[in-house]
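Enquirer: Here it is, the structure, as C-alpha cells.
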Amino acid sequence: IKIQIKIQIKNKKMKNINFKSVDILENLKILATDFGFIDCKILDLQSLYFDENFQKNAEISKKNFENLVEKIAQNALLNNGLHYLTAENTKQIRYDFSANLLLPNAKFLLIFALPYVGKLQLQKYLQNPPKVALHAVGRDYHKIVRSKLKQFWKLCCQKFFDNSAANFRIFCDSTPILEKFFAQICELGWLGKNNLITNKHYGNLFVIGGIITTLELDKYIQNGIIKTPKFAKNHCGKCQKCIQNCPTQALQIDKNQRVQFLPERCLAFYLNE
C-alpha cells in the first residue's frame, strides 16, 4: 500500500503496519513513531468524572495551578510594568477536564511527546552549545508538531477510522489547555522539580502535543485506552541538578525543603513577555 505523506519519514516501520489488523492501537503507535514521536497515549475524557481519588488529586493540581497563575500575575504587575498576565485576565483563565474549552463534546484525547532534536543534532549541540534553549534550535517546534499531528490524524481517519469526519482540534503549547496535567495522568512523564514533564529516557528534552476529538475511539480500539487515569510516579528523588544548574536561581528550596518556582527570575518569563 502506497501512502503519500508530505513530510519525510526516516523510520522504516511504516511498511510493517498492517492496516487490516484488529490491533489498531498498536498500528497507531507504530505510525506515531514513524512521524518521529516517542510516545502516544489515548485518554477517555469521560473517565475523569468517575474516579474519586483522581478527582481529589486533580483538585489539588487545579489549586496549585491557580495559585501559580495568580503569583505570576502579581509579579508581572510589580516588575517594570510587565503585563504577561494581569489581575483582570487571570479571572478569565478556565480549567476544564473534559477539554470542552477547545472542542465541545470532546470524547477522547491523544497526547504525544516529540524529542527536541535527533541524536546527531544533539551531539553537535553539546559540542558547541549555542546560548539558546535546545528546543529553539531549528524550526519553530509549534509548527512542526502541529503539521505532524494534522497529517497523522488525517492518515488515521483514512486507514483506521472509516474516513471519519468527526471534529478534532490539535494543540501544542498554544491553546488554553493544561498540557502538563494531561501528560502526567497519561504517564508520559512526571512533573519534575523544574516544573517540566520528565521522562526516564528523554529527561526534559521533548515537547508535548495532542489531538482532541469527538470521534468515539472505543468503537475501534478495544484495549489500551486510559480509562482509569492516575498521576505518573515521580522519580526525581533527592536529585537537585535542575536547581543547581538554573542560571538565574529561579528554583529555590524553602525552609520546609520544598522546591519553590520564582517566575520573576525565570528567563522564559521575560522572553515570553
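The chains in the C-alpha cells are called A, B, ... from first to last as shown; in each chain the residues are counted from 1, and the ligands are counted from 1 in the order shown.
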Identify, on the basis of only C-alpha atoms, every residue whose closest approach to A:Gln257 does not exceed 12 Å; exclude the query and any residue fewer than 5 positions from it along the same chain; express the result as a PDB file with N, CA and C atoms, in the first residue's frame.
Expert:
ATOM      1  N   LYS A 193      11.132  18.764  39.442  1.00  0.00           N
ATOM      2  CA  LYS A 193      11.310  19.895  40.349  1.00  0.00           C
ATOM      3  C   LYS A 193      11.464  21.207  39.586  1.00  0.00           C
ATOM      4  N   LYS A 238      16.108  12.487  45.373  1.00  0.00           N
ATOM      5  CA  LYS A 238      16.910  13.533  46.006  1.00  0.00           C
ATOM      6  C   LYS A 238      17.704  14.352  44.998  1.00  0.00           C
ATOM      7  N   GLN A 240      18.928  17.122  42.575  1.00  0.00           N
ATOM      8  CA  GLN A 240      18.708  18.568  42.555  1.00  0.00           C
ATOM      9  C   GLN A 240      19.475  19.243  41.417  1.00  0.00           C
ATOM     10  N   LEU A 251      14.725  28.465  40.770  1.00  0.00           N
ATOM     11  CA  LEU A 251      14.265  27.346  41.589  1.00  0.00           C
ATOM     12  C   LEU A 251      14.960  27.414  42.939  1.00  0.00           C
ATOM     13  N   GLN A 252      14.168  27.490  43.994  1.00  0.00           N
ATOM     14  CA  GLN A 252      14.707  27.634  45.343  1.00  0.00           C
ATOM     15  C   GLN A 252      14.096  26.586  46.269  1.00  0.00           C
TER      16      GLN A 252
END
Enquirer: Can you pull out every residue within 8 Å of A:Asp39, counting only C-alpha atoms, but drop anything in the same chain fewer than 6 positions away, and send it as a PDB file with N, CA and C atoms, in the first residue's frame?
Expert:
ATOM      1  N   LYS A  29       0.525   3.488  17.319  1.00  0.00           N
ATOM      2  CA  LYS A  29       1.806   3.759  17.982  1.00  0.00           C
ATOM      3  C   LYS A  29       2.965   3.639  16.997  1.00  0.00           C
ATOM      4  N   ALA A  32       2.837   6.677  14.863  1.00  0.00           N
ATOM      5  CA  ALA A  32       3.328   7.832  15.621  1.00  0.00           C
ATOM      6  C   ALA A  32       4.852   7.838  15.658  1.00  0.00           C
ATOM      7  N   THR A  33       5.441   6.654  15.810  1.00  0.00           N
ATOM      8  CA  THR A  33       6.899   6.537  15.802  1.00  0.00           C
ATOM      9  C   THR A  33       7.466   6.943  14.452  1.00  0.00           C
ATOM     10  N   PHE A 112       0.997  13.240  22.720  1.00  0.00           N
ATOM     11  CA  PHE A 112       2.242  12.762  22.127  1.00  0.00           C
ATOM     12  C   PHE A 112       3.439  13.513  22.717  1.00  0.00           C
ATOM     13  N   ALA A 113       4.608  12.867  22.623  1.00  0.00           N
ATOM     14  CA  ALA A 113       5.861  13.500  23.005  1.00  0.00           C
ATOM     15  C   ALA A 113       6.799  13.456  21.810  1.00  0.00           C
ATOM     16  N   LEU A 114       7.411  14.600  21.503  1.00  0.00           N
ATOM     17  CA  LEU A 114       8.332  14.690  20.374  1.00  0.00           C
ATOM     18  C   LEU A 114       9.677  15.226  20.875  1.00  0.00           C
ATOM     19  N   LEU A 188       3.026  10.142  30.421  1.00  0.00           N
ATOM     20  CA  LEU A 188       4.137  10.453  29.526  1.00  0.00           C
ATOM     21  C   LEU A 188       5.375  10.761  30.350  1.00  0.00           C
TER      22      LEU A 188
END
Enquirer: From the options A:Tyr141, A:Asp23, A:Ile170, A:Phe35, which residue's atoms come nearest to A:Leu155, counting only C-alpha atoms?
Expert: A:Phe35
Enquirer: For A:Val145, find every residue with an atom within 8 Å (counting only C-alpha atoms), except residues of its own chain fewer than 2 positions away, and show them as a list in words.
Expert: Leu114, Tyr141, His142, Lys143, Ser147, Lys148, Leu149, Cys172 and Gly209 of chain A
Enquirer: Write out as a list in words which residues come within 7 Å of A:Ala232 when counting only C-alpha atoms, dropping same-chain ones fewer than 2 positions away.
Expert: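 In the requested form, the answer reads Gln184, Ile185, Glu187, Gly189, Trp190, Lys230 and Asn234 of chain A.
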Enquirer: Store the residues of this selection in a file with N, CA, C and O atoms, as a PDB file, in the first residue's frame.
Expert:
ATOM      1  N   GLN A 184       0.834  14.162  32.611  1.00  0.00           N
ATOM      2  CA  GLN A 184       1.044  13.417  33.862  1.00  0.00           C
ATOM      3  C   GLN A 184       0.058  12.263  34.010  1.00  0.00           C
ATOM      4  O   GLN A 184       0.456  11.141  34.324  1.00  0.00           O
ATOM      5  N   ILE A 185      -1.221  12.532  33.781  1.00  0.00           N
ATOM      6  CA  ILE A 185      -2.220  11.487  34.026  1.00  0.00           C
ATOM      7  C   ILE A 185      -2.205  10.425  32.935  1.00  0.00           C
ATOM      8  O   ILE A 185      -2.729   9.329  33.129  1.00  0.00           O
ATOM      9  N   GLU A 187       0.718   9.482  31.891  1.00  0.00           N
ATOM     10  CA  GLU A 187       2.011   8.896  32.234  1.00  0.00           C
ATOM     11  C   GLU A 187       3.044   9.003  31.113  1.00  0.00           C
ATOM     12  O   GLU A 187       3.842   8.095  30.891  1.00  0.00           O
ATOM     13  N   GLY A 189       5.148  11.214  31.567  1.00  0.00           N
ATOM     14  CA  GLY A 189       6.234  11.560  32.472  1.00  0.00           C
ATOM     15  C   GLY A 189       5.665  12.184  33.724  1.00  0.00           C
ATOM     16  O   GLY A 189       4.456  12.319  33.879  1.00  0.00           O
ATOM     17  N   TRP A 190       6.550  12.536  34.637  1.00  0.00           N
ATOM     18  CA  TRP A 190       6.119  13.164  35.881  1.00  0.00           C
ATOM     19  C   TRP A 190       6.564  14.618  35.902  1.00  0.00           C
ATOM     20  O   TRP A 190       7.413  15.039  35.106  1.00  0.00           O
ATOM     21  N   LYS A 230      -4.247   8.086  36.328  1.00  0.00           N
ATOM     22  CA  LYS A 230      -3.541   8.292  37.584  1.00  0.00           C
ATOM     23  C   LYS A 230      -2.297   9.122  37.302  1.00  0.00           C
ATOM     24  O   LYS A 230      -1.763   9.098  36.191  1.00  0.00           O
ATOM     25  N   ASN A 234       6.591  10.003  40.556  1.00  0.00           N
ATOM     26  CA  ASN A 234       7.718  10.934  40.494  1.00  0.00           C
ATOM     27  C   ASN A 234       9.014  10.202  40.823  1.00  0.00           C
ATOM     28  O   ASN A 234       9.126   9.545  41.856  1.00  0.00           O
TER      29      ASN A 234
END
Enquirer: Which polymer residues have any atom within 8 Å of an atom of A:Asn194, counting only C-alpha atoms, with same-chain residues fewer than 6 positions away left out, as a list of chain:residue names?
Expert: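 Surrounding residues, per the criterion: A:Cys242, A:Ile243, A:Leu251, A:Phe261.
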Enquirer: So that I have them on file, write out the residues from the current selection with all heavy atoms, as a compact mmCIF listing (two decimals), in the first residue's frame.
Expert:
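Wrote it out as selection.txt, contents follow:
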# COMPACT_ATOMS: atom_id res chain seq x y z
N CYS A 242 18.59 20.20 38.45
CA CYS A 242 17.91 21.33 37.81
C CYS A 242 18.00 22.57 38.68
O CYS A 242 18.13 23.69 38.18
CB CYS A 242 16.46 20.97 37.49
SG CYS A 242 15.44 20.58 38.91
N ILE A 243 17.93 22.38 39.98
CA ILE A 243 18.01 23.51 40.92
C ILE A 243 19.41 24.10 40.91
O ILE A 243 19.60 25.32 40.84
CB ILE A 243 17.64 23.05 42.35
CG1 ILE A 243 16.20 22.50 42.36
CG2 ILE A 243 17.80 24.19 43.35
CD1 ILE A 243 15.81 21.86 43.66
N LEU A 251 14.72 28.47 40.77
CA LEU A 251 14.27 27.35 41.59
C LEU A 251 14.96 27.41 42.94
O LEU A 251 16.20 27.42 43.01
CB LEU A 251 14.57 26.01 40.91
CG LEU A 251 13.93 25.79 39.53
CD1 LEU A 251 14.51 24.55 38.87
CD2 LEU A 251 12.42 25.67 39.66
N PHE A 261 9.18 27.75 42.77
CA PHE A 261 9.50 28.34 41.48
C PHE A 261 9.23 29.84 41.54
O PHE A 261 8.13 30.27 41.90
CB PHE A 261 8.63 27.70 40.40
CG PHE A 261 8.70 28.39 39.06
CD1 PHE A 261 9.93 28.59 38.43
CD2 PHE A 261 7.55 28.85 38.43
CE1 PHE A 261 10.00 29.22 37.20
CE2 PHE A 261 7.61 29.49 37.20
CZ PHE A 261 8.83 29.67 36.59
Enquirer: I want to know what sits within 10 Å of A:Trp153, based on only C-alpha atoms, with residues of the same chain fewer than 3 positions away left out; could you give that as a PyMOL selection string?
Expert: chain A and resi 28+32+148-150+156-161+168+170+211
Enquirer: Write a file of the selected residues as a PDB file, in the first residue's frame, keeping N, CA and C atoms.
Expert:
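Writing the result to out18.pdb gives the following:
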ATOM      1  N   LEU A  28      -1.351   2.488  15.513  1.00  0.00           N
ATOM      2  CA  LEU A  28      -1.286   3.928  15.778  1.00  0.00           C
ATOM      3  C   LEU A  28       0.064   4.305  16.388  1.00  0.00           C
ATOM      4  N   ALA A  32       2.837   6.677  14.863  1.00  0.00           N
ATOM      5  CA  ALA A  32       3.328   7.832  15.621  1.00  0.00           C
ATOM      6  C   ALA A  32       4.852   7.838  15.658  1.00  0.00           C
ATOM      7  N   LYS A 148       2.798  17.673  11.882  1.00  0.00           N
ATOM      8  CA  LYS A 148       2.890  16.216  12.029  1.00  0.00           C
ATOM      9  C   LYS A 148       1.564  15.634  12.524  1.00  0.00           C
ATOM     10  N   LEU A 149       0.981  16.273  13.540  1.00  0.00           N
ATOM     11  CA  LEU A 149      -0.256  15.752  14.110  1.00  0.00           C
ATOM     12  C   LEU A 149      -1.415  15.835  13.111  1.00  0.00           C
ATOM     13  N   LYS A 150      -1.459  16.907  12.341  1.00  0.00           N
ATOM     14  CA  LYS A 150      -2.529  17.053  11.346  1.00  0.00           C
ATOM     15  C   LYS A 150      -2.451  15.941  10.314  1.00  0.00           C
ATOM     16  N   CYS A 156      -4.801   8.501   9.939  1.00  0.00           N
ATOM     17  CA  CYS A 156      -5.525   7.584  10.831  1.00  0.00           C
ATOM     18  C   CYS A 156      -6.993   7.474  10.426  1.00  0.00           C
ATOM     19  N   CYS A 157      -7.608   8.612  10.138  1.00  0.00           N
ATOM     20  CA  CYS A 157      -9.029   8.598   9.754  1.00  0.00           C
ATOM     21  C   CYS A 157      -9.232   7.838   8.448  1.00  0.00           C
ATOM     22  N   GLN A 158      -8.296   7.984   7.522  1.00  0.00           N
ATOM     23  CA  GLN A 158      -8.411   7.307   6.235  1.00  0.00           C
ATOM     24  C   GLN A 158      -8.257   5.792   6.371  1.00  0.00           C
ATOM     25  N   LYS A 159      -7.285   5.378   7.187  1.00  0.00           N
ATOM     26  CA  LYS A 159      -6.916   3.962   7.212  1.00  0.00           C
ATOM     27  C   LYS A 159      -7.548   3.160   8.350  1.00  0.00           C
ATOM     28  N   PHE A 160      -7.861   3.830   9.449  1.00  0.00           N
ATOM     29  CA  PHE A 160      -8.348   3.104  10.622  1.00  0.00           C
ATOM     30  C   PHE A 160      -9.781   3.441  11.015  1.00  0.00           C
ATOM     31  N   PHE A 161     -10.231   4.655  10.719  1.00  0.00           N
ATOM     32  CA  PHE A 161     -11.497   5.132  11.271  1.00  0.00           C
ATOM     33  C   PHE A 161     -12.553   5.424  10.214  1.00  0.00           C
ATOM     34  N   PHE A 168     -12.117  17.571  15.334  1.00  0.00           N
ATOM     35  CA  PHE A 168     -10.897  17.394  16.121  1.00  0.00           C
ATOM     36  C   PHE A 168     -10.207  18.739  16.269  1.00  0.00           C
ATOM     37  N   ILE A 170      -6.185  20.263  17.325  1.00  0.00           N
ATOM     38  CA  ILE A 170      -4.788  19.983  17.642  1.00  0.00           C
ATOM     39  C   ILE A 170      -4.268  21.048  18.597  1.00  0.00           C
ATOM     40  N   ILE A 211      -4.155  15.756  20.307  1.00  0.00           N
ATOM     41  CA  ILE A 211      -5.359  15.857  19.486  1.00  0.00           C
ATOM     42  C   ILE A 211      -6.566  15.572  20.370  1.00  0.00           C
TER      43      ILE A 211
END
